[in-house]
Amino acid sequence: MRQRPPHPQKNSGFKADVIRAALPAGQPGVARGPKDWPARPSGALILALDPSGHHSQAIQALEPLIREERGDGTFVIFNPQTPTHIDEVLDARISKTLKHWMPDLVVWAGDASCATSVQKINAARIPQTLLNLSEAAAERRGSRWPFGLRKSVFAHFDKICTLNREAANAVIKNGANADAVRTTGQLRPLSAPLLANPQDIERYAAHLHNRPAWLAIDAGPRDMQRISKAHRTAMASNHRLLLILMPQNDATETAAKFADNGWNVALSSQIETMSEASQVLVVDTDQDPGIWLRLSPVVFMGGSFDGMCRSPMDAASLGAAIVHGESTAPHGDAFRSLAKMQATHPVRSDADLERAVIELQAPDRQATLAHRAWDVATQAAPVVDEVLAILNDQLDAIGV
């Protein structure tokens, strides 16, 4: 067993919350310096380092699962505020970070580009695990690192989980211990389908009369005009098409504005009054989005043009065809996973959105995107299980 630095007495009943300090754009992380950090909690503590900032949600999603199994444990996500100089920022802070948090395990995500930090963590005899390693990151192509440094850095990791066999071969070639390398695939947050009351689903479905529909979820004020234009264009070729609108802001006010612009509007709270003449259904009730995601084969992610949007995995896990703009924060990693499988319909302009809504009325196109998205959403579980087993084995091995 490795010699460990001292840390507070473990309390087996302690369930520590994820420690967060606000960073720009609401990203979780440890910001500024120790004077701004809370005291180290008791119990096992995993320090998670995400140099690219693209993997924090996946790591953060492991935290409740670790706690469920161990009854304690805290993740500290470190996302420096200056990502263009992330190596220097992290390397400059790593000594203070280790001294303050005294982690039992350090988990890196995506890359181990902060060579000084890797070496200092190793010198402190703290186990290190690297997740989501790609072939490019393993090769360090175009890196300023000399070859010898590459080999010494990867040799410091107790476990390395790669995206594919090519990445595994590359990192072994560059100095990793072959016994430490596992090809797990990409770690992503689990995408459990949103809950919905079956009676509510049946009730609302009965009043939709099997009409074709598309859902604009979490639509903000700046989305409304483009959504309205897209719906009007699509209705020219399918007059029965229904827009289901879940606005971010006041639903009653949104419904009134659509009515003022000539739309025949119904409210979900008065679903019994909806008729074939209704063109827009505004959700003004408190039911979870899971109802409407189940009733809408096509979903536009509100906020994805010029704001922030929800995770696309909510729609993907329920088999919806997803349309979105280019502003995918804070769920860029999830959107990229779907994009790799061509499992969404990205749009760049209002005209693109109009064409997408029309194109996705075709059942075969809906089915293709929905099936691909569902595949991506459900592939996460085996990887999560494998990574959890690795982390638990490491914590057990060091006696925390």
# chains A, B, ... in the order shown; residues from 1 in each chain; ligands from 1
call {"tool": "residues_around", "arguments": {"residues": "Asn249 of chain A", "least_positions_apart": "4", "cutoff": "10 Å", "atoms": "only C-alpha atoms", "output": "PDB file with all heavy atoms, in the first residue's frame"}}
result
ATOM      1  N   ASP A 218     -37.697  24.777 -23.602  1.00  0.00           N
ATOM      2  CA  ASP A 218     -36.887  25.819 -22.962  1.00  0.00           C
ATOM      3  C   ASP A 218     -36.652  26.991 -23.906  1.00  0.00           C
ATOM      4  O   ASP A 218     -35.560  27.565 -23.955  1.00  0.00           O
ATOM      5  CB  ASP A 218     -35.539  25.248 -22.495  1.00  0.00           C
ATOM      6  CG  ASP A 218     -35.694  24.167 -21.448  1.00  0.00           C
ATOM      7  OD1 ASP A 218     -36.673  24.212 -20.695  1.00  0.00           O
ATOM      8  OD2 ASP A 218     -34.842  23.265 -21.392  1.00  0.00           O
ATOM      9  N   ALA A 219     -37.662  27.356 -24.658  1.00  0.00           N
ATOM     10  CA  ALA A 219     -37.520  28.447 -25.623  1.00  0.00           C
ATOM     11  C   ALA A 219     -37.465  29.787 -24.896  1.00  0.00           C
ATOM     12  O   ALA A 219     -38.322  30.108 -24.067  1.00  0.00           O
ATOM     13  CB  ALA A 219     -38.686  28.427 -26.601  1.00  0.00           C
ATOM     14  N   GLY A 220     -36.432  30.577 -25.202  1.00  0.00           N
ATOM     15  CA  GLY A 220     -36.266  31.887 -24.607  1.00  0.00           C
ATOM     16  C   GLY A 220     -36.842  32.978 -25.487  1.00  0.00           C
ATOM     17  O   GLY A 220     -37.249  32.728 -26.630  1.00  0.00           O
ATOM     18  N   PRO A 221     -36.887  34.219 -24.994  1.00  0.00           N
ATOM     19  CA  PRO A 221     -37.466  35.322 -25.781  1.00  0.00           C
ATOM     20  C   PRO A 221     -36.839  35.486 -27.153  1.00  0.00           C
ATOM     21  O   PRO A 221     -37.537  35.802 -28.130  1.00  0.00           O
ATOM     22  CB  PRO A 221     -37.198  36.546 -24.896  1.00  0.00           C
ATOM     23  CG  PRO A 221     -37.094  35.997 -23.504  1.00  0.00           C
ATOM     24  CD  PRO A 221     -36.447  34.654 -23.655  1.00  0.00           C
ATOM     25  N   GLU A 253     -47.933  34.937 -20.778  1.00  0.00           N
ATOM     26  CA  GLU A 253     -47.503  36.065 -21.600  1.00  0.00           C
ATOM     27  C   GLU A 253     -47.074  35.589 -22.995  1.00  0.00           C
ATOM     28  O   GLU A 253     -47.390  36.229 -24.007  1.00  0.00           O
ATOM     29  CB  GLU A 253     -46.345  36.794 -20.911  1.00  0.00           C
ATOM     30  CG  GLU A 253     -45.828  37.992 -21.668  1.00  0.00           C
ATOM     31  CD  GLU A 253     -44.665  38.663 -20.955  1.00  0.00           C
ATOM     32  OE1 GLU A 253     -44.527  38.459 -19.731  1.00  0.00           O
ATOM     33  OE2 GLU A 253     -43.901  39.388 -21.635  1.00  0.00           O
ATOM     34  N   THR A 254     -46.366  34.461 -23.034  1.00  0.00           N
ATOM     35  CA  THR A 254     -45.938  33.906 -24.321  1.00  0.00           C
ATOM     36  C   THR A 254     -47.142  33.539 -25.174  1.00  0.00           C
ATOM     37  O   THR A 254     -47.182  33.831 -26.380  1.00  0.00           O
ATOM     38  CB  THR A 254     -45.057  32.667 -24.091  1.00  0.00           C
ATOM     39  OG1 THR A 254     -43.889  33.039 -23.359  1.00  0.00           O
ATOM     40  CG2 THR A 254     -44.656  32.040 -25.420  1.00  0.00           C
TER      41      THR A 254
END
call {"tool": "residues_around", "arguments": {"residues": "Gln128 of chain A", "least_positions_apart": "5", "cutoff": "6 Å", "atoms": "only C-alpha atoms", "output": "list of chain:residue names"}}
result
A:Val106, A:Val107, A:Phe157, A:Asp158
call {"tool": "closest_atom_pairs", "arguments": {"of": "segment 175-235 of chain A", "to": "segment 353-364 of chain A", "cutoff": "12 Å", "atoms": "only C-alpha atoms", "output": "CSV"}}
result
residue,atom,partner,partner_atom,distance
A:Arg211,CA,A:Gln361,CA,11.3
A:Pro212,CA,A:Gln361,CA,7.6
A:Ala213,CA,A:Gln361,CA,8.5
A:Trp214,CA,A:Val357,CA,7.8
A:Leu215,CA,A:Val357,CA,10.2
A:Ala216,CA,A:Val357,CA,10.8
A:Asp223,CA,A:Leu353,CA,11.1
A:Gln225,CA,A:Leu353,CA,11.6
A:Arg226,CA,A:Leu353,CA,7.8
A:Ile227,CA,A:Leu353,CA,8.0
A:Ser228,CA,A:Glu354,CA,9.5
A:Lys229,CA,A:Glu354,CA,7.1
A:Ala230,CA,A:Glu354,CA,4.1
A:His231,CA,A:Glu354,CA,7.3
A:Arg232,CA,A:Glu354,CA,8.7
A:Thr233,CA,A:Glu354,CA,6.4
A:Ala234,CA,A:Ile358,CA,5.2
A:Met235,CA,A:Ile358,CA,8.5
call {"tool": "write_last_selection", "arguments": {"atoms": "N, CA, C and O atoms", "output": "PDB file, in the first residue's frame"}}
result
ATOM      1  N   ARG A 211     -52.024  14.175 -34.106  1.00  0.00           N
ATOM      2  CA  ARG A 211     -51.505  15.194 -35.021  1.00  0.00           C
ATOM      3  C   ARG A 211     -49.976  15.159 -35.031  1.00  0.00           C
ATOM      4  O   ARG A 211     -49.339  14.897 -34.001  1.00  0.00           O
ATOM      5  N   PRO A 212     -49.360  15.418 -36.176  1.00  0.00           N
ATOM      6  CA  PRO A 212     -47.899  15.580 -36.184  1.00  0.00           C
ATOM      7  C   PRO A 212     -47.528  16.793 -35.346  1.00  0.00           C
ATOM      8  O   PRO A 212     -48.253  17.800 -35.349  1.00  0.00           O
ATOM      9  N   ALA A 213     -46.429  16.685 -34.616  1.00  0.00           N
ATOM     10  CA  ALA A 213     -46.067  17.771 -33.699  1.00  0.00           C
ATOM     11  C   ALA A 213     -44.559  17.905 -33.617  1.00  0.00           C
ATOM     12  O   ALA A 213     -43.810  16.962 -33.873  1.00  0.00           O
ATOM     13  N   TRP A 214     -44.128  19.101 -33.261  1.00  0.00           N
ATOM     14  CA  TRP A 214     -42.729  19.314 -32.900  1.00  0.00           C
ATOM     15  C   TRP A 214     -42.703  20.174 -31.647  1.00  0.00           C
ATOM     16  O   TRP A 214     -43.600  20.965 -31.386  1.00  0.00           O
ATOM     17  N   LEU A 215     -41.674  19.975 -30.836  1.00  0.00           N
ATOM     18  CA  LEU A 215     -41.566  20.623 -29.526  1.00  0.00           C
ATOM     19  C   LEU A 215     -40.397  21.596 -29.524  1.00  0.00           C
ATOM     20  O   LEU A 215     -39.290  21.247 -29.934  1.00  0.00           O
ATOM     21  N   ALA A 216     -40.657  22.815 -29.078  1.00  0.00           N
ATOM     22  CA  ALA A 216     -39.587  23.782 -28.799  1.00  0.00           C
ATOM     23  C   ALA A 216     -39.462  23.856 -27.284  1.00  0.00           C
ATOM     24  O   ALA A 216     -40.331  24.426 -26.604  1.00  0.00           O
ATOM     25  N   ASP A 223     -35.709  33.196 -28.998  1.00  0.00           N
ATOM     26  CA  ASP A 223     -36.058  32.070 -29.865  1.00  0.00           C
ATOM     27  C   ASP A 223     -37.418  32.238 -30.533  1.00  0.00           C
ATOM     28  O   ASP A 223     -37.693  31.589 -31.548  1.00  0.00           O
ATOM     29  N   GLN A 225     -39.260  34.404 -32.314  1.00  0.00           N
ATOM     30  CA  GLN A 225     -39.506  34.809 -33.693  1.00  0.00           C
ATOM     31  C   GLN A 225     -39.090  33.716 -34.678  1.00  0.00           C
ATOM     32  O   GLN A 225     -39.822  33.407 -35.625  1.00  0.00           O
ATOM     33  N   ARG A 226     -37.922  33.096 -34.448  1.00  0.00           N
ATOM     34  CA  ARG A 226     -37.470  32.056 -35.375  1.00  0.00           C
ATOM     35  C   ARG A 226     -38.349  30.807 -35.281  1.00  0.00           C
ATOM     36  O   ARG A 226     -38.589  30.128 -36.272  1.00  0.00           O
ATOM     37  N   ILE A 227     -38.833  30.507 -34.076  1.00  0.00           N
ATOM     38  CA  ILE A 227     -39.740  29.367 -33.917  1.00  0.00           C
ATOM     39  C   ILE A 227     -41.046  29.634 -34.657  1.00  0.00           C
ATOM     40  O   ILE A 227     -41.575  28.765 -35.364  1.00  0.00           O
ATOM     41  N   SER A 228     -41.564  30.841 -34.505  1.00  0.00           N
ATOM     42  CA  SER A 228     -42.809  31.208 -35.178  1.00  0.00           C
ATOM     43  C   SER A 228     -42.665  31.118 -36.693  1.00  0.00           C
ATOM     44  O   SER A 228     -43.535  30.576 -37.391  1.00  0.00           O
ATOM     45  N   LYS A 229     -41.559  31.640 -37.226  1.00  0.00           N
ATOM     46  CA  LYS A 229     -41.309  31.590 -38.671  1.00  0.00           C
ATOM     47  C   LYS A 229     -41.193  30.143 -39.155  1.00  0.00           C
ATOM     48  O   LYS A 229     -41.736  29.779 -40.198  1.00  0.00           O
ATOM     49  N   ALA A 230     -40.474  29.327 -38.404  1.00  0.00           N
ATOM     50  CA  ALA A 230     -40.291  27.938 -38.799  1.00  0.00           C
ATOM     51  C   ALA A 230     -41.624  27.197 -38.817  1.00  0.00           C
ATOM     52  O   ALA A 230     -41.904  26.400 -39.722  1.00  0.00           O
ATOM     53  N   HIS A 231     -42.461  27.470 -37.822  1.00  0.00           N
ATOM     54  CA  HIS A 231     -43.750  26.781 -37.756  1.00  0.00           C
ATOM     55  C   HIS A 231     -44.667  27.227 -38.893  1.00  0.00           C
ATOM     56  O   HIS A 231     -45.346  26.394 -39.520  1.00  0.00           O
ATOM     57  N   ARG A 232     -44.674  28.514 -39.185  1.00  0.00           N
ATOM     58  CA  ARG A 232     -45.524  29.012 -40.268  1.00  0.00           C
ATOM     59  C   ARG A 232     -45.097  28.413 -41.614  1.00  0.00           C
ATOM     60  O   ARG A 232     -45.925  28.016 -42.436  1.00  0.00           O
ATOM     61  N   THR A 233     -43.780  28.328 -41.822  1.00  0.00           N
ATOM     62  CA  THR A 233     -43.282  27.750 -43.069  1.00  0.00           C
ATOM     63  C   THR A 233     -43.653  26.276 -43.173  1.00  0.00           C
ATOM     64  O   THR A 233     -44.082  25.795 -44.232  1.00  0.00           O
ATOM     65  N   ALA A 234     -43.483  25.534 -42.068  1.00  0.00           N
ATOM     66  CA  ALA A 234     -43.778  24.101 -42.088  1.00  0.00           C
ATOM     67  C   ALA A 234     -45.263  23.835 -42.266  1.00  0.00           C
ATOM     68  O   ALA A 234     -45.658  22.868 -42.936  1.00  0.00           O
ATOM     69  N   MET A 235     -46.109  24.694 -41.699  1.00  0.00           N
ATOM     70  CA  MET A 235     -47.551  24.489 -41.820  1.00  0.00           C
ATOM     71  C   MET A 235     -48.046  24.689 -43.243  1.00  0.00           C
ATOM     72  O   MET A 235     -49.123  24.191 -43.614  1.00  0.00           O
TER      73      MET A 235
END
call {"tool": "residues_around", "arguments": {"residues": "Ala58 of chain A", "least_positions_apart": "4", "cutoff": "12 Å", "atoms": "only C-alpha atoms", "output": "short mmCIF file (atom, residue, chain, number, x, y, z; two decimals) with N, CA and C atoms, in the first residue's frame"}}
result
data_model
loop_
_atom_site.label_atom_id
_atom_site.label_comp_id
_atom_site.auth_asym_id
_atom_site.auth_seq_id
_atom_site.Cartn_x
_atom_site.Cartn_y
_atom_site.Cartn_z
N PRO A 28 -18.69 24.22 -13.03
CA PRO A 28 -18.25 23.84 -11.70
C PRO A 28 -16.75 23.89 -11.61
N ALA A 48 -10.70 15.97 -9.22
CA ALA A 48 -10.87 15.74 -10.65
C ALA A 48 -10.35 16.94 -11.43
N LEU A 49 -9.48 16.69 -12.38
CA LEU A 49 -8.85 17.74 -13.17
C LEU A 49 -9.26 17.57 -14.63
N ASP A 50 -9.79 18.63 -15.19
CA ASP A 50 -10.31 18.59 -16.56
C ASP A 50 -9.65 19.70 -17.37
N GLY A 53 -11.83 21.33 -20.05
CA GLY A 53 -13.13 21.84 -19.64
C GLY A 53 -14.30 21.13 -20.30
N HIS A 54 -14.04 20.06 -21.07
CA HIS A 54 -15.10 19.38 -21.82
C HIS A 54 -15.66 18.15 -21.12
N LEU A 62 -20.39 11.12 -11.84
CA LEU A 62 -19.95 9.95 -11.07
C LEU A 62 -20.11 10.15 -9.57
N GLU A 63 -20.12 11.40 -9.15
CA GLU A 63 -20.07 11.70 -7.71
C GLU A 63 -21.22 11.07 -6.92
N PRO A 64 -22.49 11.22 -7.34
CA PRO A 64 -23.55 10.58 -6.54
C PRO A 64 -23.48 9.05 -6.59
N LEU A 65 -22.93 8.50 -7.67
CA LEU A 65 -22.80 7.05 -7.77
C LEU A 65 -21.73 6.53 -6.82
N PHE A 75 -16.07 15.07 -4.93
CA PHE A 75 -15.30 15.46 -6.09
C PHE A 75 -15.01 16.95 -6.00
N ILE A 77 -13.92 19.57 -8.74
CA ILE A 77 -13.64 19.79 -10.15
C ILE A 77 -12.82 21.07 -10.30
N VAL A 107 -8.18 12.23 -10.48
CA VAL A 107 -8.73 11.76 -11.75
C VAL A 107 -8.58 12.86 -12.79
N TRP A 108 -7.87 12.55 -13.87
CA TRP A 108 -7.73 13.47 -14.99
C TRP A 108 -8.74 13.05 -16.06
N ALA A 109 -9.18 14.02 -16.86
CA ALA A 109 -10.12 13.72 -17.94
C ALA A 109 -9.61 14.28 -19.25
N GLY A 110 -9.55 13.43 -20.27
CA GLY A 110 -9.26 13.88 -21.62
C GLY A 110 -7.80 14.02 -21.97
N LEU A 131 -8.96 9.40 -17.66
CA LEU A 131 -10.16 8.94 -18.35
C LEU A 131 -10.31 9.62 -19.71
N ASN A 132 -11.06 8.99 -20.59
CA ASN A 132 -11.42 9.58 -21.89
C ASN A 132 -10.21 9.98 -22.71
N GLN A 186 -15.94 6.09 -24.23
CA GLN A 186 -16.06 7.45 -23.67
C GLN A 186 -16.99 7.49 -22.47
N LEU A 187 -16.50 8.10 -21.40
CA LEU A 187 -17.33 8.31 -20.21
C LEU A 187 -18.21 9.53 -20.45
N ARG A 188 -19.50 9.32 -20.33
CA ARG A 188 -20.49 10.40 -20.43
C ARG A 188 -21.47 10.26 -19.29
N PRO A 189 -22.18 11.35 -18.94
CA PRO A 189 -23.21 11.22 -17.91
C PRO A 189 -24.28 10.23 -18.33
N LEU A 190 -24.80 9.48 -17.37
CA LEU A 190 -25.91 8.59 -17.66
C LEU A 190 -27.13 9.40 -18.07
N SER A 191 -27.90 8.85 -18.97
CA SER A 191 -29.07 9.57 -19.49
C SER A 191 -30.34 8.80 -19.15
N SER A 311 -29.45 19.55 -21.61
CA SER A 311 -28.74 18.43 -22.20
C SER A 311 -29.58 17.77 -23.28
N PRO A 330 -24.24 24.45 -21.57
CA PRO A 330 -23.01 23.85 -21.01
C PRO A 330 -22.89 22.35 -21.29
N HIS A 331 -23.49 21.89 -22.39
CA HIS A 331 -23.53 20.45 -22.68
C HIS A 331 -22.82 20.12 -23.99
N GLY A 332 -21.73 20.83 -24.25
CA GLY A 332 -21.00 20.63 -25.49
C GLY A 332 -20.53 19.21 -25.68
N ASP A 333 -20.09 18.57 -24.61
CA ASP A 333 -19.58 17.20 -24.72
C ASP A 333 -20.68 16.26 -25.18
N ALA A 334 -21.88 16.43 -24.64
CA ALA A 334 -23.00 15.57 -25.04
C ALA A 334 -23.37 15.80 -26.50
N SER A 337 -20.82 14.12 -28.71
CA SER A 337 -21.00 12.67 -28.77
C SER A 337 -22.09 12.30 -29.77
N ALA A 380 -23.81 4.85 -22.58
CA ALA A 380 -23.02 5.37 -21.46
C ALA A 380 -22.96 4.41 -20.29
N ALA A 381 -24.01 3.62 -20.06
CA ALA A 381 -24.12 2.83 -18.83
C ALA A 381 -22.96 1.85 -18.63
N VAL A 383 -19.91 1.95 -19.70
CA VAL A 383 -18.67 2.69 -19.43
C VAL A 383 -18.69 3.23 -18.01
N VAL A 384 -19.82 3.79 -17.60
CA VAL A 384 -19.94 4.30 -16.24
C VAL A 384 -19.68 3.18 -15.23
N VAL A 387 -15.89 2.35 -15.15
CA VAL A 387 -15.09 3.39 -14.51
C VAL A 387 -15.34 3.41 -13.01
N LEU A 388 -16.60 3.25 -12.60
CA LEU A 388 -16.91 3.20 -11.17
C LEU A 388 -16.17 2.06 -10.49
#
call {"tool": "residues_around", "arguments": {"residues": "Phe154 of chain A", "least_positions_apart": "2", "cutoff": "9 Å", "atoms": "only C-alpha atoms", "output": "ChimeraX atom specification"}}
result
/A:112,118,138,149-152,156-157,160,171-172,174-177
call {"tool": "atom_distance", "arguments": {"atom1": "atom CA of Ala343 of chain A", "atom2": "atom CA of His371 of chain A"}}
result
7.9 Å
call {"tool": "residues_around", "arguments": {"residues": "Asp288 of chain A", "least_positions_apart": "4", "cutoff": "10 Å", "atoms": "only C-alpha atoms", "output": "PyMOL selection string"}}
result
chain A and resi 194-197+292-293
call {"tool": "write_last_selection", "arguments": {"atoms": "N, CA and C atoms", "output": "PDB file, in the first residue's frame"}}
result
ATOM      1  N   LEU A 194     -36.375  11.012 -18.479  1.00  0.00           N
ATOM      2  CA  LEU A 194     -37.130  11.831 -17.541  1.00  0.00           C
ATOM      3  C   LEU A 194     -38.444  11.132 -17.197  1.00  0.00           C
ATOM      4  N   LEU A 195     -38.828  11.228 -15.958  1.00  0.00           N
ATOM      5  CA  LEU A 195     -40.045  10.576 -15.501  1.00  0.00           C
ATOM      6  C   LEU A 195     -41.281  11.329 -16.002  1.00  0.00           C
ATOM      7  N   ALA A 196     -42.358  10.608 -16.135  1.00  0.00           N
ATOM      8  CA  ALA A 196     -43.635  11.216 -16.503  1.00  0.00           C
ATOM      9  C   ALA A 196     -44.748  10.281 -16.065  1.00  0.00           C
ATOM     10  N   ASN A 197     -45.815  10.868 -15.589  1.00  0.00           N
ATOM     11  CA  ASN A 197     -46.968  10.096 -15.134  1.00  0.00           C
ATOM     12  C   ASN A 197     -47.688   9.501 -16.349  1.00  0.00           C
ATOM     13  N   TRP A 292     -43.870  15.896 -22.562  1.00  0.00           N
ATOM     14  CA  TRP A 292     -43.879  16.496 -23.895  1.00  0.00           C
ATOM     15  C   TRP A 292     -42.778  15.916 -24.773  1.00  0.00           C
ATOM     16  N   LEU A 293     -41.679  15.487 -24.183  1.00  0.00           N
ATOM     17  CA  LEU A 293     -40.649  14.816 -24.967  1.00  0.00           C
ATOM     18  C   LEU A 293     -41.152  13.478 -25.492  1.00  0.00           C
TER      19      LEU A 293
END
call {"tool": "decode", "arguments": {"residues": "segment 179-193 of chain A", "atoms": "N, CA and C atoms", "output": "PDB file, in the first residue's frame"}}
result
ATOM      1  N   ASP A 179      -0.326  -2.838 -18.240  1.00  0.00           N
ATOM      2  CA  ASP A 179      -1.284  -3.381 -17.281  1.00  0.00           C
ATOM      3  C   ASP A 179      -2.226  -2.306 -16.743  1.00  0.00           C
ATOM      4  N   ALA A 180      -1.825  -1.040 -16.883  1.00  0.00           N
ATOM      5  CA  ALA A 180      -2.644   0.056 -16.367  1.00  0.00           C
ATOM      6  C   ALA A 180      -3.690   0.530 -17.370  1.00  0.00           C
ATOM      7  N   VAL A 181      -3.590   0.118 -18.616  1.00  0.00           N
ATOM      8  CA  VAL A 181      -4.422   0.662 -19.690  1.00  0.00           C
ATOM      9  C   VAL A 181      -5.658  -0.205 -19.909  1.00  0.00           C
ATOM     10  N   ARG A 182      -6.815   0.455 -19.950  1.00  0.00           N
ATOM     11  CA  ARG A 182      -8.085  -0.221 -20.249  1.00  0.00           C
ATOM     12  C   ARG A 182      -8.799   0.549 -21.354  1.00  0.00           C
ATOM     13  N   THR A 183      -9.346  -0.155 -22.312  1.00  0.00           N
ATOM     14  CA  THR A 183     -10.167   0.489 -23.335  1.00  0.00           C
ATOM     15  C   THR A 183     -11.620   0.406 -22.891  1.00  0.00           C
ATOM     16  N   THR A 184     -12.128   1.528 -22.395  1.00  0.00           N
ATOM     17  CA  THR A 184     -13.481   1.560 -21.834  1.00  0.00           C
ATOM     18  C   THR A 184     -14.491   2.213 -22.758  1.00  0.00           C
ATOM     19  N   GLY A 185     -14.029   3.047 -23.703  1.00  0.00           N
ATOM     20  CA  GLY A 185     -14.948   3.905 -24.441  1.00  0.00           C
ATOM     21  C   GLY A 185     -15.096   5.224 -23.708  1.00  0.00           C
ATOM     22  N   GLN A 186     -15.936   6.094 -24.226  1.00  0.00           N
ATOM     23  CA  GLN A 186     -16.064   7.450 -23.674  1.00  0.00           C
ATOM     24  C   GLN A 186     -16.990   7.489 -22.472  1.00  0.00           C
ATOM     25  N   LEU A 187     -16.503   8.098 -21.402  1.00  0.00           N
ATOM     26  CA  LEU A 187     -17.329   8.314 -20.214  1.00  0.00           C
ATOM     27  C   LEU A 187     -18.212   9.529 -20.447  1.00  0.00           C
ATOM     28  N   ARG A 188     -19.505   9.325 -20.328  1.00  0.00           N
ATOM     29  CA  ARG A 188     -20.486  10.403 -20.435  1.00  0.00           C
ATOM     30  C   ARG A 188     -21.474  10.262 -19.287  1.00  0.00           C
ATOM     31  N   PRO A 189     -22.180  11.349 -18.944  1.00  0.00           N
ATOM     32  CA  PRO A 189     -23.208  11.219 -17.908  1.00  0.00           C
ATOM     33  C   PRO A 189     -24.277  10.226 -18.332  1.00  0.00           C
ATOM     34  N   LEU A 190     -24.797   9.475 -17.375  1.00  0.00           N
ATOM     35  CA  LEU A 190     -25.911   8.588 -17.662  1.00  0.00           C
ATOM     36  C   LEU A 190     -27.134   9.404 -18.073  1.00  0.00           C
ATOM     37  N   SER A 191     -27.903   8.849 -18.968  1.00  0.00           N
ATOM     38  CA  SER A 191     -29.068   9.567 -19.494  1.00  0.00           C
ATOM     39  C   SER A 191     -30.339   8.803 -19.149  1.00  0.00           C
ATOM     40  N   ALA A 192     -30.700   8.833 -17.894  1.00  0.00           N
ATOM     41  CA  ALA A 192     -31.938   8.169 -17.486  1.00  0.00           C
ATOM     42  C   ALA A 192     -33.123   8.952 -18.035  1.00  0.00           C
ATOM     43  N   PRO A 193     -34.087   8.290 -18.660  1.00  0.00           N
ATOM     44  CA  PRO A 193     -35.243   9.008 -19.209  1.00  0.00           C
ATOM     45  C   PRO A 193     -35.966   9.803 -18.126  1.00  0.00           C
TER      46      PRO A 193
END
